$ cat query02.txt   # compact mmCIF, N, CA and C atoms
# COMPACT_ATOMS: atom_id res chain seq x y z
N MET Q 1 26.92 8.53 59.92
CA MET Q 1 26.60 7.92 58.64
C MET Q 1 25.71 8.84 57.81
N LEU Q 2 26.08 9.02 56.57
CA LEU Q 2 25.28 9.84 55.67
C LEU Q 2 23.95 9.17 55.32
N LEU Q 3 23.94 7.84 55.26
CA LEU Q 3 22.69 7.15 54.92
C LEU Q 3 21.61 7.37 55.97
N GLU Q 4 22.00 7.69 57.19
CA GLU Q 4 21.01 7.94 58.23
C GLU Q 4 20.14 9.15 57.92
N LYS Q 5 20.60 10.02 57.02
CA LYS Q 5 19.82 11.20 56.63
C LYS Q 5 18.71 10.86 55.64
N ILE Q 6 18.73 9.64 55.11
CA ILE Q 6 17.69 9.22 54.16
C ILE Q 6 16.37 9.09 54.92
N THR Q 7 15.32 9.65 54.35
CA THR Q 7 13.99 9.55 54.95
C THR Q 7 13.08 8.72 54.04
N ALA Q 8 11.91 8.41 54.53
CA ALA Q 8 10.94 7.66 53.72
C ALA Q 8 10.57 8.45 52.45
N GLU Q 9 10.67 9.78 52.51
CA GLU Q 9 10.37 10.59 51.33
C GLU Q 9 11.43 10.43 50.23
N ASP Q 10 12.57 9.83 50.57
CA ASP Q 10 13.64 9.60 49.60
C ASP Q 10 13.54 8.23 48.95
N VAL Q 11 12.41 7.55 49.17
CA VAL Q 11 12.22 6.19 48.67
C VAL Q 11 10.88 6.10 47.94
N GLN Q 12 10.91 5.50 46.77
CA GLN Q 12 9.69 5.21 46.01
C GLN Q 12 9.65 3.70 45.79
N ILE Q 13 8.50 3.11 46.00
CA ILE Q 13 8.37 1.65 45.96
C ILE Q 13 7.46 1.20 44.81
N ALA Q 14 7.95 0.19 44.08
CA ALA Q 14 7.16 -0.55 43.08
C ALA Q 14 6.53 0.33 42.01
N LEU Q 15 7.34 1.26 41.47
CA LEU Q 15 6.85 2.04 40.34
C LEU Q 15 6.90 1.19 39.08
N SER Q 16 6.13 1.59 38.08
CA SER Q 16 6.22 0.93 36.78
C SER Q 16 6.74 1.97 35.78
N ALA Q 17 7.44 1.47 34.78
CA ALA Q 17 8.01 2.36 33.76
C ALA Q 17 7.88 1.71 32.39
N ALA Q 18 7.66 2.55 31.39
CA ALA Q 18 7.51 2.06 30.02
C ALA Q 18 8.84 1.54 29.47
N ASP Q 19 9.95 2.17 29.87
CA ASP Q 19 11.27 1.78 29.40
C ASP Q 19 12.31 2.41 30.33
N TRP Q 20 13.61 2.22 30.01
CA TRP Q 20 14.65 2.71 30.92
C TRP Q 20 14.67 4.23 31.02
N GLU Q 21 14.35 4.92 29.94
CA GLU Q 21 14.32 6.39 30.01
C GLU Q 21 13.22 6.86 30.96
N ASP Q 22 12.06 6.24 30.85
CA ASP Q 22 10.95 6.56 31.74
C ASP Q 22 11.32 6.23 33.19
N ALA Q 23 12.03 5.14 33.39
CA ALA Q 23 12.46 4.76 34.74
C ALA Q 23 13.40 5.81 35.33
N ILE Q 24 14.34 6.29 34.54
CA ILE Q 24 15.25 7.33 35.03
C ILE Q 24 14.47 8.59 35.38
N ARG Q 25 13.56 8.98 34.51
CA ARG Q 25 12.76 10.18 34.77
C ARG Q 25 11.96 10.04 36.08
N LYS Q 26 11.34 8.88 36.27
CA LYS Q 26 10.53 8.66 37.48
C LYS Q 26 11.41 8.59 38.72
N ALA Q 27 12.57 7.94 38.60
CA ALA Q 27 13.48 7.83 39.75
C ALA Q 27 14.04 9.19 40.16
N ALA Q 28 14.25 10.06 39.19
CA ALA Q 28 14.84 11.37 39.46
C ALA Q 28 13.81 12.43 39.84
N ALA Q 29 12.54 12.18 39.59
CA ALA Q 29 11.50 13.19 39.82
C ALA Q 29 11.50 13.78 41.24
N PRO Q 30 11.65 12.96 42.29
CA PRO Q 30 11.66 13.57 43.63
C PRO Q 30 12.83 14.52 43.84
N LEU Q 31 14.00 14.20 43.30
CA LEU Q 31 15.16 15.08 43.45
C LEU Q 31 14.92 16.40 42.72
N ALA Q 32 14.28 16.33 41.57
CA ALA Q 32 13.96 17.56 40.84
C ALA Q 32 12.92 18.37 41.62
N ALA Q 33 11.92 17.69 42.17
CA ALA Q 33 10.88 18.39 42.93
C ALA Q 33 11.44 19.07 44.17
N GLN Q 34 12.48 18.49 44.76
CA GLN Q 34 13.12 19.06 45.95
C GLN Q 34 14.12 20.17 45.60
N GLY Q 35 14.42 20.32 44.31
CA GLY Q 35 15.41 21.31 43.91
C GLY Q 35 16.84 20.84 44.00
N ALA Q 36 17.04 19.55 44.28
CA ALA Q 36 18.40 19.00 44.36
C ALA Q 36 19.05 18.92 43.00
N ILE Q 37 18.23 18.75 41.96
CA ILE Q 37 18.73 18.69 40.57
C ILE Q 37 17.81 19.51 39.68
N GLU Q 38 18.37 19.90 38.54
CA GLU Q 38 17.61 20.58 37.50
C GLU Q 38 17.15 19.52 36.48
N GLN Q 39 16.19 19.88 35.65
CA GLN Q 39 15.75 18.96 34.60
C GLN Q 39 16.91 18.60 33.67
N SER Q 40 17.85 19.51 33.50
CA SER Q 40 19.02 19.24 32.66
C SER Q 40 19.85 18.07 33.20
N TYR Q 41 19.81 17.84 34.51
CA TYR Q 41 20.53 16.72 35.11
C TYR Q 41 19.88 15.40 34.68
N VAL Q 42 18.55 15.37 34.68
CA VAL Q 42 17.82 14.18 34.23
C VAL Q 42 18.17 13.89 32.78
N GLU Q 43 18.14 14.92 31.96
CA GLU Q 43 18.48 14.73 30.54
C GLU Q 43 19.95 14.30 30.38
N GLY Q 44 20.81 14.80 31.26
CA GLY Q 44 22.22 14.40 31.22
C GLY Q 44 22.41 12.92 31.51
N MET Q 45 21.62 12.37 32.46
CA MET Q 45 21.70 10.94 32.76
C MET Q 45 21.28 10.12 31.54
N ILE Q 46 20.19 10.53 30.91
CA ILE Q 46 19.69 9.79 29.75
C ILE Q 46 20.66 9.89 28.59
N GLU Q 47 21.16 11.08 28.32
CA GLU Q 47 22.13 11.28 27.24
C GLU Q 47 23.39 10.45 27.47
N SER Q 48 23.82 10.35 28.71
CA SER Q 48 25.01 9.58 29.04
C SER Q 48 24.84 8.11 28.69
N VAL Q 49 23.66 7.55 28.96
CA VAL Q 49 23.40 6.16 28.60
C VAL Q 49 23.38 6.00 27.09
N HIS Q 50 22.79 6.97 26.37
CA HIS Q 50 22.79 6.90 24.91
C HIS Q 50 24.21 6.91 24.36
N LYS Q 51 25.09 7.71 24.96
CA LYS Q 51 26.47 7.82 24.49
C LYS Q 51 27.35 6.67 24.93
N ASN Q 52 27.21 6.25 26.20
CA ASN Q 52 28.17 5.33 26.81
C ASN Q 52 27.61 3.95 27.13
N GLY Q 53 26.34 3.73 26.87
CA GLY Q 53 25.73 2.47 27.24
C GLY Q 53 25.31 2.51 28.71
N PRO Q 54 24.74 1.41 29.20
CA PRO Q 54 24.20 1.38 30.56
C PRO Q 54 25.29 1.14 31.61
N TYR Q 55 26.32 1.97 31.61
CA TYR Q 55 27.48 1.79 32.49
C TYR Q 55 27.14 1.90 33.96
N PHE Q 56 26.03 2.58 34.29
CA PHE Q 56 25.72 2.70 35.71
C PHE Q 56 24.79 1.60 36.23
N VAL Q 57 24.55 0.57 35.42
CA VAL Q 57 23.92 -0.64 35.93
C VAL Q 57 25.07 -1.47 36.50
N LEU Q 58 25.24 -1.40 37.81
CA LEU Q 58 26.44 -1.88 38.48
C LEU Q 58 26.43 -3.35 38.85
N ALA Q 59 25.25 -3.89 39.06
CA ALA Q 59 25.12 -5.27 39.50
C ALA Q 59 23.75 -5.77 39.08
N LYS Q 60 23.53 -7.06 39.25
CA LYS Q 60 22.24 -7.65 38.88
C LYS Q 60 21.10 -6.90 39.58
N GLY Q 61 20.26 -6.25 38.77
CA GLY Q 61 19.09 -5.58 39.30
C GLY Q 61 19.30 -4.19 39.85
N LEU Q 62 20.53 -3.64 39.76
CA LEU Q 62 20.84 -2.37 40.42
C LEU Q 62 21.49 -1.36 39.48
N ALA Q 63 20.94 -0.14 39.48
CA ALA Q 63 21.54 0.96 38.72
C ALA Q 63 21.80 2.12 39.67
N LEU Q 64 22.94 2.78 39.49
CA LEU Q 64 23.28 4.00 40.23
C LEU Q 64 23.28 5.13 39.21
N ALA Q 65 22.11 5.73 39.00
CA ALA Q 65 21.94 6.74 37.97
C ALA Q 65 22.53 8.07 38.44
N HIS Q 66 23.32 8.67 37.57
CA HIS Q 66 23.95 9.95 37.88
C HIS Q 66 24.41 10.61 36.59
N ALA Q 67 24.72 11.88 36.69
CA ALA Q 67 25.29 12.63 35.57
C ALA Q 67 26.42 13.48 36.14
N ARG Q 68 27.08 14.21 35.28
CA ARG Q 68 28.16 15.08 35.72
C ARG Q 68 27.57 16.24 36.54
N PRO Q 69 28.28 16.69 37.55
CA PRO Q 69 27.75 17.77 38.40
C PRO Q 69 27.29 19.00 37.61
N GLU Q 70 28.04 19.35 36.58
CA GLU Q 70 27.71 20.56 35.81
C GLU Q 70 26.43 20.41 34.99
N CYS Q 71 25.87 19.21 34.94
CA CYS Q 71 24.60 19.02 34.24
C CYS Q 71 23.42 19.60 35.01
N GLY Q 72 23.63 19.96 36.27
CA GLY Q 72 22.53 20.57 37.02
C GLY Q 72 22.31 19.98 38.39
N ALA Q 73 23.38 19.54 39.06
CA ALA Q 73 23.25 19.09 40.45
C ALA Q 73 23.40 20.30 41.37
N ASN Q 74 22.41 20.52 42.21
CA ASN Q 74 22.41 21.68 43.11
C ASN Q 74 22.91 21.35 44.52
N ARG Q 75 22.80 20.07 44.91
CA ARG Q 75 23.29 19.64 46.23
C ARG Q 75 23.43 18.12 46.22
N LEU Q 76 24.20 17.62 47.17
CA LEU Q 76 24.36 16.18 47.33
C LEU Q 76 23.01 15.59 47.77
N ALA Q 77 22.54 14.61 47.02
CA ALA Q 77 21.23 14.02 47.33
C ALA Q 77 21.16 12.61 46.75
N LEU Q 78 20.32 11.80 47.36
CA LEU Q 78 20.06 10.43 46.92
C LEU Q 78 18.57 10.16 46.91
N ASN Q 79 18.15 9.31 45.99
CA ASN Q 79 16.79 8.80 46.00
C ASN Q 79 16.87 7.33 45.62
N PHE Q 80 15.99 6.53 46.19
CA PHE Q 80 15.93 5.10 45.94
C PHE Q 80 14.56 4.78 45.34
N THR Q 81 14.54 4.09 44.21
CA THR Q 81 13.28 3.74 43.55
C THR Q 81 13.30 2.29 43.13
N THR Q 82 12.33 1.51 43.61
CA THR Q 82 12.20 0.14 43.13
C THR Q 82 11.15 0.10 42.02
N PHE Q 83 11.32 -0.86 41.12
CA PHE Q 83 10.42 -1.00 39.98
C PHE Q 83 9.82 -2.40 39.94
N ASP Q 84 8.52 -2.43 39.69
CA ASP Q 84 7.80 -3.68 39.53
C ASP Q 84 6.77 -3.47 38.44
N PRO Q 85 6.99 -4.03 37.27
CA PRO Q 85 8.05 -4.98 36.95
C PRO Q 85 9.41 -4.30 36.76
N PRO Q 86 10.49 -5.10 36.85
CA PRO Q 86 11.83 -4.56 36.61
C PRO Q 86 11.97 -4.03 35.19
N VAL Q 87 13.00 -3.19 34.98
CA VAL Q 87 13.18 -2.48 33.72
C VAL Q 87 14.48 -2.91 33.04
N SER Q 88 14.40 -3.19 31.75
CA SER Q 88 15.59 -3.57 31.00
C SER Q 88 16.35 -2.32 30.54
N PHE Q 89 17.65 -2.31 30.79
CA PHE Q 89 18.54 -1.24 30.34
C PHE Q 89 19.45 -1.69 29.21
N GLY Q 90 19.32 -2.95 28.78
CA GLY Q 90 20.26 -3.48 27.79
C GLY Q 90 21.61 -3.74 28.42
N ALA Q 91 21.60 -4.17 29.70
CA ALA Q 91 22.84 -4.35 30.46
C ALA Q 91 23.21 -5.82 30.63
N GLY Q 92 22.77 -6.65 29.72
CA GLY Q 92 23.17 -8.06 29.75
C GLY Q 92 22.74 -8.77 31.02
N ASP Q 93 23.71 -9.44 31.67
CA ASP Q 93 23.41 -10.24 32.85
C ASP Q 93 22.90 -9.41 34.03
N ASN Q 94 23.15 -8.11 34.03
CA ASN Q 94 22.68 -7.26 35.13
C ASN Q 94 21.24 -6.81 34.97
N ASP Q 95 20.64 -7.06 33.83
CA ASP Q 95 19.23 -6.75 33.60
C ASP Q 95 18.36 -7.86 34.16
N PRO Q 96 17.12 -7.57 34.45
CA PRO Q 96 16.50 -6.25 34.48
C PRO Q 96 16.80 -5.54 35.81
N VAL Q 97 16.63 -4.23 35.80
CA VAL Q 97 16.91 -3.40 36.97
C VAL Q 97 15.67 -3.31 37.85
N ARG Q 98 15.86 -3.62 39.12
CA ARG Q 98 14.77 -3.54 40.10
C ARG Q 98 14.90 -2.33 41.00
N LEU Q 99 16.12 -1.80 41.13
CA LEU Q 99 16.36 -0.65 42.01
C LEU Q 99 17.25 0.36 41.31
N ILE Q 100 16.77 1.59 41.23
CA ILE Q 100 17.60 2.70 40.75
C ILE Q 100 17.88 3.60 41.94
N ILE Q 101 19.17 3.78 42.20
CA ILE Q 101 19.61 4.77 43.18
C ILE Q 101 20.01 5.98 42.36
N THR Q 102 19.33 7.09 42.54
CA THR Q 102 19.64 8.32 41.82
C THR Q 102 20.53 9.17 42.70
N LEU Q 103 21.70 9.51 42.18
CA LEU Q 103 22.70 10.27 42.92
C LEU Q 103 22.92 11.62 42.27
N ALA Q 104 22.86 12.66 43.07
CA ALA Q 104 23.24 14.00 42.63
C ALA Q 104 24.43 14.43 43.46
N ALA Q 105 25.50 14.83 42.80
CA ALA Q 105 26.69 15.32 43.50
C ALA Q 105 27.15 16.59 42.80
N THR Q 106 27.56 17.57 43.60
CA THR Q 106 27.92 18.88 43.06
C THR Q 106 29.39 19.00 42.67
N ASP Q 107 30.18 17.99 42.99
CA ASP Q 107 31.59 18.00 42.62
C ASP Q 107 32.07 16.54 42.55
N PRO Q 108 33.28 16.32 42.06
CA PRO Q 108 33.75 14.94 41.88
C PRO Q 108 34.03 14.18 43.18
N ASP Q 109 34.10 14.85 44.33
CA ASP Q 109 34.53 14.19 45.55
C ASP Q 109 33.50 14.09 46.66
N SER Q 110 32.48 14.94 46.68
CA SER Q 110 31.58 15.04 47.83
C SER Q 110 30.81 13.76 48.11
N HIS Q 111 30.64 12.91 47.13
CA HIS Q 111 29.83 11.71 47.30
C HIS Q 111 30.64 10.46 47.63
N ILE Q 112 31.96 10.57 47.73
CA ILE Q 112 32.81 9.39 47.92
C ILE Q 112 32.47 8.66 49.23
N ASP Q 113 32.33 9.39 50.33
CA ASP Q 113 31.99 8.74 51.61
C ASP Q 113 30.63 8.06 51.52
N LEU Q 114 29.69 8.72 50.87
CA LEU Q 114 28.36 8.16 50.72
C LEU Q 114 28.41 6.85 49.93
N LEU Q 115 29.19 6.82 48.86
CA LEU Q 115 29.32 5.60 48.06
C LEU Q 115 29.97 4.48 48.86
N GLY Q 116 30.89 4.84 49.74
CA GLY Q 116 31.49 3.84 50.60
C GLY Q 116 30.46 3.19 51.52
N GLU Q 117 29.60 4.01 52.09
CA GLU Q 117 28.52 3.48 52.93
C GLU Q 117 27.57 2.61 52.12
N LEU Q 118 27.23 3.07 50.93
CA LEU Q 118 26.33 2.30 50.07
C LEU Q 118 26.95 0.96 49.68
N ALA Q 119 28.26 0.95 49.44
CA ALA Q 119 28.93 -0.28 49.00
C ALA Q 119 28.73 -1.40 50.00
N GLU Q 120 28.76 -1.08 51.29
CA GLU Q 120 28.55 -2.10 52.32
C GLU Q 120 27.19 -2.75 52.16
N VAL Q 121 26.19 -1.96 51.86
CA VAL Q 121 24.83 -2.48 51.67
C VAL Q 121 24.75 -3.26 50.36
N LEU Q 122 25.30 -2.70 49.29
CA LEU Q 122 25.14 -3.27 47.96
C LEU Q 122 25.87 -4.60 47.79
N MET Q 123 26.87 -4.85 48.61
CA MET Q 123 27.62 -6.11 48.50
C MET Q 123 26.95 -7.25 49.26
N ASP Q 124 25.90 -6.96 49.99
CA ASP Q 124 25.17 -7.96 50.77
C ASP Q 124 23.97 -8.44 49.93
N ASP Q 125 24.13 -9.59 49.28
CA ASP Q 125 23.09 -10.10 48.38
C ASP Q 125 21.75 -10.29 49.08
N THR Q 126 21.78 -10.77 50.31
CA THR Q 126 20.53 -10.99 51.05
C THR Q 126 19.82 -9.67 51.29
N ARG Q 127 20.56 -8.68 51.73
CA ARG Q 127 19.94 -7.38 52.00
C ARG Q 127 19.45 -6.75 50.70
N MET Q 128 20.20 -6.91 49.63
CA MET Q 128 19.75 -6.35 48.34
C MET Q 128 18.41 -6.96 47.94
N GLN Q 129 18.27 -8.28 48.08
CA GLN Q 129 17.00 -8.93 47.74
C GLN Q 129 15.88 -8.38 48.61
N GLN Q 130 16.16 -8.15 49.88
CA GLN Q 130 15.15 -7.58 50.78
C GLN Q 130 14.78 -6.17 50.36
N LEU Q 131 15.77 -5.38 49.93
CA LEU Q 131 15.48 -4.02 49.45
C LEU Q 131 14.62 -4.06 48.20
N PHE Q 132 14.96 -4.97 47.27
CA PHE Q 132 14.16 -5.10 46.05
C PHE Q 132 12.69 -5.37 46.38
N ASP Q 133 12.46 -6.15 47.44
CA ASP Q 133 11.12 -6.60 47.78
C ASP Q 133 10.45 -5.79 48.89
N ALA Q 134 11.09 -4.73 49.35
CA ALA Q 134 10.54 -3.94 50.46
C ALA Q 134 9.12 -3.46 50.12
N PRO Q 135 8.17 -3.64 51.05
CA PRO Q 135 6.78 -3.30 50.78
C PRO Q 135 6.43 -1.82 50.94
N SER Q 136 7.33 -1.06 51.59
CA SER Q 136 7.01 0.35 51.84
C SER Q 136 8.30 1.16 51.97
N PRO Q 137 8.21 2.48 51.81
CA PRO Q 137 9.39 3.32 52.02
C PRO Q 137 10.01 3.17 53.41
N ASP Q 138 9.16 3.06 54.42
CA ASP Q 138 9.68 2.90 55.79
C ASP Q 138 10.43 1.57 55.94
N ALA Q 139 9.88 0.51 55.37
CA ALA Q 139 10.55 -0.79 55.43
C ALA Q 139 11.87 -0.75 54.66
N PHE Q 140 11.89 -0.10 53.52
CA PHE Q 140 13.11 0.03 52.72
C PHE Q 140 14.17 0.76 53.55
N ARG Q 141 13.81 1.88 54.15
CA ARG Q 141 14.74 2.67 54.94
C ARG Q 141 15.30 1.85 56.10
N ALA Q 142 14.44 1.10 56.77
CA ALA Q 142 14.88 0.27 57.89
C ALA Q 142 15.90 -0.77 57.43
N LEU Q 143 15.67 -1.39 56.28
CA LEU Q 143 16.61 -2.35 55.73
C LEU Q 143 17.92 -1.69 55.33
N LEU Q 144 17.82 -0.51 54.77
CA LEU Q 144 19.01 0.22 54.34
C LEU Q 144 19.92 0.51 55.53
N LEU Q 145 19.33 0.82 56.66
CA LEU Q 145 20.09 1.20 57.84
C LEU Q 145 20.40 0.03 58.77
N ALA Q 146 19.91 -1.17 58.44
CA ALA Q 146 20.08 -2.35 59.33
C ALA Q 146 21.56 -2.69 59.51
$ encode --input "query02.txt" --output "structure tokens"
Amino acid sequence: MLLEKITAEDVQIALSAADWEDAIRKAAAPLAAQGAIEQSYVEGMIESVHKNGPYFVLAKGLALAHARPECGANRLALNFTTFDPPVSFGAGDNDPVRLIITLAATDPDSHIDLLGELAEVLMDDTRMQQLFDAPSPDAFRALLLA
């Protein structure tokens, strides 16, 4: 399982953000610090929402933030960030967002298996609520892998 490679360092808990742009910047910051993405990738995610709307707010409280690989993805990577208070993206019934999963993929296909693994977790409403409320990165990781 690819999710087993997620560490506590890949999780940020209960951050606050001024708005959705600030939330994306904060959620992506660890990936940029690790060199998995360039700053241009962060700007690409924000620009994409400005152009296309909040299309990556996939479900109530959940966003899968990403940009095109050519925007500056250096390697396949994930980060999980919960927000307290939740952040509005203008996504109607799916707002406000409590969890942003930031995805960096270097090509159109490398992340497909990873998304399949994530889908199993994301379709479990009980587990999603537990992830939203996880008190620590270690607790979040344990729930993710449960």
$ residues_around --input "query02.txt" --residues "region 142-145 of chain Q" --least-positions-apart "2" --cutoff "8 Å" --atoms "only N, CA and C atoms" --output "ChimeraX atom specification"
/Q:3-4,121,127,130-131,136-140
$ write_last_selection --input "query02.txt" --atoms "N, CA and C atoms" --output "PDB file, in the frame of the given file"
ATOM      1  N   LEU Q   3      23.940   7.840  55.260  1.00  0.00           N
ATOM      2  CA  LEU Q   3      22.690   7.150  54.920  1.00  0.00           C
ATOM      3  C   LEU Q   3      21.610   7.370  55.970  1.00  0.00           C
ATOM      4  N   GLU Q   4      22.000   7.690  57.190  1.00  0.00           N
ATOM      5  CA  GLU Q   4      21.010   7.940  58.230  1.00  0.00           C
ATOM      6  C   GLU Q   4      20.140   9.150  57.920  1.00  0.00           C
ATOM      7  N   VAL Q 121      26.190  -1.960  51.860  1.00  0.00           N
ATOM      8  CA  VAL Q 121      24.830  -2.480  51.670  1.00  0.00           C
ATOM      9  C   VAL Q 121      24.750  -3.260  50.360  1.00  0.00           C
ATOM     10  N   ARG Q 127      20.560  -8.680  51.730  1.00  0.00           N
ATOM     11  CA  ARG Q 127      19.940  -7.380  52.000  1.00  0.00           C
ATOM     12  C   ARG Q 127      19.450  -6.750  50.700  1.00  0.00           C
ATOM     13  N   GLN Q 130      16.160  -8.150  49.880  1.00  0.00           N
ATOM     14  CA  GLN Q 130      15.150  -7.580  50.780  1.00  0.00           C
ATOM     15  C   GLN Q 130      14.780  -6.170  50.360  1.00  0.00           C
ATOM     16  N   LEU Q 131      15.770  -5.380  49.930  1.00  0.00           N
ATOM     17  CA  LEU Q 131      15.480  -4.020  49.450  1.00  0.00           C
ATOM     18  C   LEU Q 131      14.620  -4.060  48.200  1.00  0.00           C
ATOM     19  N   SER Q 136       7.330  -1.060  51.590  1.00  0.00           N
ATOM     20  CA  SER Q 136       7.010   0.350  51.840  1.00  0.00           C
ATOM     21  C   SER Q 136       8.300   1.160  51.970  1.00  0.00           C
ATOM     22  N   PRO Q 137       8.210   2.480  51.810  1.00  0.00           N
ATOM     23  CA  PRO Q 137       9.390   3.320  52.020  1.00  0.00           C
ATOM     24  C   PRO Q 137      10.010   3.170  53.410  1.00  0.00           C
ATOM     25  N   ASP Q 138       9.160   3.060  54.420  1.00  0.00           N
ATOM     26  CA  ASP Q 138       9.680   2.900  55.790  1.00  0.00           C
ATOM     27  C   ASP Q 138      10.430   1.570  55.940  1.00  0.00           C
ATOM     28  N   ALA Q 139       9.880   0.510  55.370  1.00  0.00           N
ATOM     29  CA  ALA Q 139      10.550  -0.790  55.430  1.00  0.00           C
ATOM     30  C   ALA Q 139      11.870  -0.750  54.660  1.00  0.00           C
ATOM     31  N   PHE Q 140      11.890  -0.100  53.520  1.00  0.00           N
ATOM     32  CA  PHE Q 140      13.110   0.030  52.720  1.00  0.00           C
ATOM     33  C   PHE Q 140      14.170   0.760  53.550  1.00  0.00           C
TER      34      PHE Q 140
END
$ select_by_dssp --input "query02.txt" --residues "region 34-107 of chain Q" --states "strand (DSSP E or B)" --output "PyMOL selection string"
chain Q and resi 37+57-59+62-65+73+77-87+97-104
$ closest_residue --input "query02.txt" --among "Q:Arg68, Q:Arg25, Q:Lys51, Q:Arg141" --to "Asp109 (chain Q)" --atoms "only C-alpha atoms"
Q:Arg68
$ select_by_dssp --input "query02.txt" --residues "region 63-146 of chain Q" --states "alpha helix (DSSP H)" --output "number ranges by chain"
Q: 112-122, 125-132, 137-145
$ residues_around --input "query02.txt" --residues "Arg75 (chain Q)" --least-positions-apart "2" --cutoff "6.5 Å" --atoms "all atoms listed in the file" --output "PyMOL selection string"
chain Q and resi 35-37+73+77+104-106
$ residues_around --input "query02.txt" --residues "Asn94 (chain Q)" --least-positions-apart "3" --cutoff "10 Å" --atoms "only C-alpha atoms" --output "PyMOL selection string"
chain Q and resi 54+57-63+88-91+97
$ write_last_selection --input "query02.txt" --atoms "N, CA and C atoms" --output "PDB file, keeping the file's coordinate frame"
ATOM      1  N   PRO Q  54      24.740   1.410  29.200  1.00  0.00           N
ATOM      2  CA  PRO Q  54      24.200   1.380  30.560  1.00  0.00           C
ATOM      3  C   PRO Q  54      25.290   1.140  31.610  1.00  0.00           C
ATOM      4  N   VAL Q  57      24.550   0.570  35.420  1.00  0.00           N
ATOM      5  CA  VAL Q  57      23.920  -0.640  35.930  1.00  0.00           C
ATOM      6  C   VAL Q  57      25.070  -1.470  36.500  1.00  0.00           C
ATOM      7  N   LEU Q  58      25.240  -1.400  37.810  1.00  0.00           N
ATOM      8  CA  LEU Q  58      26.440  -1.880  38.480  1.00  0.00           C
ATOM      9  C   LEU Q  58      26.430  -3.350  38.850  1.00  0.00           C
ATOM     10  N   ALA Q  59      25.250  -3.890  39.060  1.00  0.00           N
ATOM     11  CA  ALA Q  59      25.120  -5.270  39.500  1.00  0.00           C
ATOM     12  C   ALA Q  59      23.750  -5.770  39.080  1.00  0.00           C
ATOM     13  N   LYS Q  60      23.530  -7.060  39.250  1.00  0.00           N
ATOM     14  CA  LYS Q  60      22.240  -7.650  38.880  1.00  0.00           C
ATOM     15  C   LYS Q  60      21.100  -6.900  39.580  1.00  0.00           C
ATOM     16  N   GLY Q  61      20.260  -6.250  38.770  1.00  0.00           N
ATOM     17  CA  GLY Q  61      19.090  -5.580  39.300  1.00  0.00           C
ATOM     18  C   GLY Q  61      19.300  -4.190  39.850  1.00  0.00           C
ATOM     19  N   LEU Q  62      20.530  -3.640  39.760  1.00  0.00           N
ATOM     20  CA  LEU Q  62      20.840  -2.370  40.420  1.00  0.00           C
ATOM     21  C   LEU Q  62      21.490  -1.360  39.480  1.00  0.00           C
ATOM     22  N   ALA Q  63      20.940  -0.140  39.480  1.00  0.00           N
ATOM     23  CA  ALA Q  63      21.540   0.960  38.720  1.00  0.00           C
ATOM     24  C   ALA Q  63      21.800   2.120  39.670  1.00  0.00           C
ATOM     25  N   SER Q  88      14.400  -3.190  31.750  1.00  0.00           N
ATOM     26  CA  SER Q  88      15.590  -3.570  31.000  1.00  0.00           C
ATOM     27  C   SER Q  88      16.350  -2.320  30.540  1.00  0.00           C
ATOM     28  N   PHE Q  89      17.650  -2.310  30.790  1.00  0.00           N
ATOM     29  CA  PHE Q  89      18.540  -1.240  30.340  1.00  0.00           C
ATOM     30  C   PHE Q  89      19.450  -1.690  29.210  1.00  0.00           C
ATOM     31  N   GLY Q  90      19.320  -2.950  28.780  1.00  0.00           N
ATOM     32  CA  GLY Q  90      20.260  -3.480  27.790  1.00  0.00           C
ATOM     33  C   GLY Q  90      21.610  -3.740  28.420  1.00  0.00           C
ATOM     34  N   ALA Q  91      21.600  -4.170  29.700  1.00  0.00           N
ATOM     35  CA  ALA Q  91      22.840  -4.350  30.460  1.00  0.00           C
ATOM     36  C   ALA Q  91      23.210  -5.820  30.630  1.00  0.00           C
ATOM     37  N   VAL Q  97      16.630  -4.230  35.800  1.00  0.00           N
ATOM     38  CA  VAL Q  97      16.910  -3.400  36.970  1.00  0.00           C
ATOM     39  C   VAL Q  97      15.670  -3.310  37.850  1.00  0.00           C
TER      40      VAL Q  97
END
$ residues_around --input "query02.txt" --residues "Ala32 (chain Q)" --least-positions-apart "6" --cutoff "9 Å" --atoms "only C-alpha atoms" --output "PyMOL selection string"
chain Q and resi 38-39+41-42
$ residues_around --input "query02.txt" --residues "Ala17 (chain Q)" --least-positions-apart "5" --cutoff "8 Å" --atoms "only N, CA and C atoms" --output "VMD selection string"
chain Q and resid 22 to 24 26 83 to 87
$ atom_distance --input "query02.txt" --atom1 "CA of Glu120 (chain Q)" --atom2 "CA of Thr102 (chain Q)"
17.3 Å
$ closest_residue --input "query02.txt" --among "Q:Ala65, Q:Ser48, Q:Ala8, Q:Leu78" --to "Leu31 (chain Q)" --atoms "only N, CA and C atoms"
Q:Leu78
$ atom_distance --input "query02.txt" --atom1 "atom C of Leu118 (chain Q)" --atom2 "CA of Ala18 (chain Q)"
27.7 Å
$ atom_distance --input "query02.txt" --atom1 "CA of His111 (chain Q)" --atom2 "CA of Met45 (chain Q)"
16.7 Å
$ axis_aligned_box --input "query02.txt" --around "region 71-77 of chain Q" --padding-each-side "5 Å" --output "AutoDock Vina command-line options"
--center_x 23.5 --center_y 17.1 --center_z 41.0 --size_x 14.7 --size_y 19.1 --size_z 23.5
$ decode --input "query02.txt" --residues "region 121-133 of chain Q" --atoms "C-alpha atoms" --output "compact mmCIF listing (two decimals), in the first residue's frame"
# COMPACT_ATOMS: atom_id res chain seq x y z
CA VAL Q 121 -10.86 5.72 3.04
CA LEU Q 122 -12.78 8.68 1.65
CA MET Q 123 -15.97 6.68 1.05
CA ASP Q 124 -16.17 5.71 4.73
CA ASP Q 125 -18.13 8.55 6.37
CA THR Q 126 -17.31 7.39 9.90
CA ARG Q 127 -13.59 7.26 9.23
CA MET Q 128 -13.70 10.64 7.47
CA GLN Q 129 -15.31 12.21 10.55
CA GLN Q 130 -12.60 10.63 12.71
CA LEU Q 131 -9.90 12.02 10.40
CA PHE Q 132 -11.47 15.49 10.56
CA ASP Q 133 -11.32 15.31 14.36
